[in-house]
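Colleague: Could you have a look at this structure, given as structure tokens, before my questions?
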Amino acid sequence: MAPTSTKRREIVCVITTLCVLIMAHQHSLTAIQIEERNHQCRNHLFEIFLRVSSISEVCTQLRASRKRQRTRQRMWIRPGRTSTWWDNIRTGVSLPEEYKENFRMRKENFKKLCNELRPFRHKKETVMRKPIDVGTQVAATLYYLNDEGRMRKTANAFGMSKSALSIIVRRVCRAITTHLGPKYISLPTNEKDVQELVDKFLTRHGMPQCL
């Protein structure tokens, strides 16, 4: 909270008095000179203090305004967009092959991936809005990565806004690399392990110098 006008003047008086007393001690000023310097410094410092306080109040108002904007309800689902295509896949109306064609994995593996990510991507339902379930988050991310990163097409397919999709893709990818990467991917730590992996890759796929 910004100080009142009276408080400001009291602070200014104390600061200027101390400054002038120090100057008087250093330069051997007379009583009249001390009073003049005190008056000049007090006025100048009070003007600076008012400007700084005004700037501080403006910054406080801006922060409060931004906080109100962040707390307003935002749209997960944009009006006019539907998730019928994804709902048909999820509920079994579409053929099971749709999982392989659109998400690069079978339905069973898709469910396993969702279960692995559930502890990290599950959100509680609030009075503001219903969160997007983990299955939809994973499906939207895989579809986006499979479709060469076309944000608008993916958002339309899952009936959500582009901004929501952008957040979901980043967070799901971060959860995969942070929590699942170390669990399933182990990198070689010495030259011998590297050479073993290179030899195995050459034997299986006929490509040299690959891990």
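The chains in the structure tokens are called A, B, ... from first to last as shown; in each chain the residues are counted from 1, and the ligands are counted from 1 in the order shown.
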List as a ChimeraX atom specification the protein and nucleic acid residues near Asn102 (chain A), meaning an atom at most 8 Å away when only C-alpha atoms are counted, but skip any in the same chain fewer than 2 places from it.

Modeller: /A:98-100,104,142-143,146

Colleague: Go ahead and dump the residues you just picked, C-alpha atoms, as a short mmCIF file (atom, residue, chain, number, x, y, z; two decimals), in the first residue's frame.

Modeller:
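Output file out.cif is given in full below:
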```
data_model
loop_
_atom_site.label_atom_id
_atom_site.label_comp_id
_atom_site.auth_asym_id
_atom_site.auth_seq_id
_atom_site.Cartn_x
_atom_site.Cartn_y
_atom_site.Cartn_z
CA GLU A 98 -8.27 -45.32 -36.71
CA TYR A 99 -5.88 -45.34 -33.74
CA LYS A 100 -3.01 -46.67 -35.87
CA ARG A 104 0.70 -44.10 -34.90
CA LEU A 142 -0.20 -37.37 -31.06
CA TYR A 143 -2.49 -36.17 -33.85
CA ASN A 146 1.50 -36.99 -36.74
#
```

Colleague: So that I can see what lies close to region 206-211 of chain A, please list as a count of residues only the residues with an atom at most 10 Å from it, counting only C-alpha atoms and leaving out residues fewer than 5 positions away in the same chain.

Modeller: 10

Colleague: I'd like the contact shell of Ile167 (chain A) - 12 Å cut-off, only C-alpha atoms, skipping same-chain residues fewer than 6 positions apart - returned as a PyMOL selection string.

Modeller: chain A and resi 76+121+132+137+140-141+151+155+160-161+173-174

Colleague: If you measure from CA of Thr203 (chain A) to CA of Leu113 (chain A), what distance in Å do you get, rounded to one decimal?

Modeller: 29.8 Å
